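Asker: For reference, the file final-v1.pdb (PDB, C-alpha atoms) is included below:
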```pdb
MODEL        1
ATOM      1  CA  MET A  29       0.000   0.000   0.000
ATOM      2  CA  LYS A  30       1.371   3.358  -0.985
ATOM      3  CA  LEU A  31       1.376   6.182   1.509
ATOM      4  CA  ARG A  32      -0.664   8.350  -0.887
ATOM      5  CA  THR A  33      -3.720   6.129  -0.463
ATOM      6  CA  LEU A  34      -3.761   6.453   3.330
ATOM      7  CA  PRO A  35      -5.869   9.675   3.352
ATOM      8  CA  ILE A  36      -8.472   7.993   1.154
ATOM      9  CA  PHE A  37      -8.769   5.040   3.520
ATOM     10  CA  LEU A  38      -8.942   7.395   6.514
ATOM     11  CA  ALA A  39     -11.691   9.418   4.811
ATOM     12  CA  PHE A  40     -13.789   6.275   4.295
ATOM     13  CA  LEU A  41     -13.173   5.300   7.914
ATOM     14  CA  ALA A  42     -14.299   8.741   9.099
ATOM     15  CA  MET A  43     -17.422   8.567   6.914
ATOM     16  CA  GLY A  44     -18.299   5.222   8.475
ATOM     17  CA  PHE A  45     -18.008   6.595  11.993
ATOM     18  CA  GLY A  46     -19.704   9.849  11.084
ATOM     19  CA  ASP A  47     -22.785   8.310   9.502
ATOM     20  CA  ALA A  48     -25.482  10.201  11.350
ATOM     21  CA  VAL A  49     -28.523   9.436   9.212
ATOM     22  CA  GLY A  50     -30.105   7.036  11.711
ATOM     23  CA  PRO A  51     -29.821   9.284  14.778
ATOM     24  CA  PHE A  52     -30.912  12.335  12.805
ATOM     25  CA  VAL A  53     -34.038  10.588  11.498
ATOM     26  CA  SER A  54     -35.131   9.711  15.012
ATOM     27  CA  LEU A  55     -34.234  13.212  16.210
ATOM     28  CA  ALA A  56     -36.270  14.813  13.396
ATOM     29  CA  LYS A  57     -39.151  12.452  14.167
ATOM     30  CA  SER A  58     -39.276  13.452  17.829
ATOM     31  CA  GLU A  59     -38.436  17.147  17.379
ATOM     32  CA  PHE A  60     -40.902  17.898  14.582
ATOM     33  CA  HIS A  61     -43.545  15.306  15.592
ATOM     34  CA  LEU A  62     -43.311  13.430  12.284
ATOM     35  CA  SER A  63     -44.449   9.961  11.395
ATOM     36  CA  THR A  64     -41.770   7.358  10.731
ATOM     37  CA  THR A  65     -42.528   7.469   7.002
ATOM     38  CA  VAL A  66     -42.120  11.238   6.692
ATOM     39  CA  ALA A  67     -38.994  11.257   8.856
ATOM     40  CA  SER A  68     -37.464   8.519   6.693
ATOM     41  CA  LEU A  69     -38.172  10.539   3.554
ATOM     42  CA  ILE A  70     -35.722  13.241   4.686
ATOM     43  CA  PRO A  71     -32.497  11.271   3.982
ATOM     44  CA  PHE A  72     -34.135   9.493   1.031
ATOM     45  CA  VAL A  73     -34.769  12.818  -0.715
ATOM     46  CA  GLY A  74     -31.179  13.828  -0.005
ATOM     47  CA  TYR A  75     -29.853  10.670  -1.655
ATOM     48  CA  ILE A  76     -32.166  11.102  -4.647
ATOM     49  CA  MET A  77     -31.115  14.724  -5.120
ATOM     50  CA  PHE A  78     -27.460  13.729  -4.905
ATOM     51  CA  GLY A  79     -28.050  11.155  -7.615
ATOM     52  CA  LEU A  80     -29.946  13.568  -9.855
ATOM     53  CA  LEU A  81     -27.736  16.605  -9.421
ATOM     54  CA  SER A  82     -24.217  15.194  -9.145
ATOM     55  CA  ILE A  83     -23.450  15.098 -12.872
ATOM     56  CA  PRO A  84     -25.105  18.415 -13.909
ATOM     57  CA  VAL A  85     -23.534  20.306 -10.998
ATOM     58  CA  GLY A  86     -20.170  18.668 -11.724
ATOM     59  CA  LEU A  87     -20.350  19.933 -15.301
ATOM     60  CA  TRP A  88     -21.413  23.365 -14.095
ATOM     61  CA  GLN A  89     -18.513  23.330 -11.626
ATOM     62  CA  ASP A  90     -16.096  22.801 -14.505
ATOM     63  CA  GLU A  91     -17.427  26.010 -16.068
ATOM     64  CA  ARG A  92     -17.654  28.211 -12.948
ATOM     65  CA  GLY A  93     -14.741  26.852 -10.944
ATOM     66  CA  LYS A  94     -14.295  24.933  -7.731
ATOM     67  CA  LYS A  95     -13.777  27.999  -5.554
ATOM     68  CA  PHE A  96     -17.211  29.414  -6.466
ATOM     69  CA  PHE A  97     -18.960  26.159  -5.576
ATOM     70  CA  LEU A  98     -16.984  25.684  -2.383
ATOM     71  CA  LEU A  99     -17.919  29.169  -1.192
ATOM     72  CA  THR A 100     -21.544  28.660  -2.261
ATOM     73  CA  GLY A 101     -21.724  25.377  -0.353
ATOM     74  CA  LEU A 102     -20.217  26.962   2.741
ATOM     75  CA  GLY A 103     -22.728  29.807   2.466
ATOM     76  CA  VAL A 104     -25.663  27.393   2.238
ATOM     77  CA  ALA A 105     -24.339  25.444   5.235
ATOM     78  CA  LEU A 106     -23.936  28.686   7.195
ATOM     79  CA  ALA A 107     -27.491  29.737   6.342
ATOM     80  CA  GLY A 108     -28.796  26.376   7.546
ATOM     81  CA  MET A 109     -26.886  26.628  10.805
ATOM     82  CA  LEU A 110     -28.105  30.187  11.379
ATOM     83  CA  ASN A 111     -31.699  29.042  10.809
ATOM     84  CA  ALA A 112     -31.249  26.387  13.464
ATOM     85  CA  THR A 113     -29.500  28.841  15.771
ATOM     86  CA  PHE A 114     -32.342  31.357  15.670
ATOM     87  CA  GLY A 115     -34.960  28.791  16.640
ATOM     88  CA  ILE A 116     -36.731  27.608  13.512
ATOM     89  CA  SER A 117     -38.407  24.562  15.018
ATOM     90  CA  SER A 118     -41.387  23.847  12.804
ATOM     91  CA  PHE A 119     -41.674  21.541   9.838
ATOM     92  CA  PRO A 120     -43.286  23.283   6.815
ATOM     93  CA  ALA A 121     -45.397  20.314   5.704
ATOM     94  CA  SER A 122     -48.446  19.343   7.732
ATOM     95  CA  TRP A 123     -48.486  15.572   7.211
TER      96      TRP A 123
ENDMDL
END
```
Here is the file; what I need is its structure written in the form of structure tokens.
Answerer:
Amino acid sequence: MKLRTLPIFLAFLAMGFGDAVGPFVSLAKSEFHLSTTVASLIPFVGYIMFGLLSIPVGLWQDERGKKFFLLTGLGVALAGMLNATFGISSFPASW
């Protein structure tokens, strides 16, 4: 094994330990008073959107540049954390 592949193996190890889908589904279910079906749709929609958007956004990233998309992603993550920080605690759908 070459030393260059060690970060890749460590990244996969970290992703395995950091898999938080299960705890977050149960947390969303209890926090937002959702049914099990609706709470399970949250990660499912994320996986579907990743599958649908990965190639078009990758092509768009080649045009716009990686720095633009990195900063945009960090901005979206910051906006999500600020929403949670300022107490948005309702789920928009009434299922």
Asker: Work out how far CA of Val73 (chain A) is from CA of Ile36 (chain A), in Å to one decimal.
Answerer: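 CA of Val73 (chain A) lies 26.8 Å from CA of Ile36 (chain A).
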Asker: For CA of Phe97 (chain A) and CA of Phe114 (chain A), determine how far apart the two atoms are, in Å to one decimal place.
Answerer: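 Distance between the two atoms: 25.6 Å.
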Asker: My list of candidates is A:Pro71, A:Pro35, A:Gly101, A:Pro51. Which is closest to Val85 (chain A) when distances are computed with only C-alpha atoms?
Answerer: A:Gly101
Asker: By how many Å are CA of Gly108 (chain A) and CA of Met77 (chain A) apart?
Answerer: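 Calculated distance between CA of Gly108 (chain A) and CA of Met77 (chain A) is 17.4 Å.
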Asker: Give me, as a PyMOL selection string, all polymer residues having an atom no more than 8 Å from region 64-67 of chain A, counting all atoms listed in the file and skipping those fewer than 6 positions away in the same chain.
Answerer: chain A and resi 53-54+56-57+123
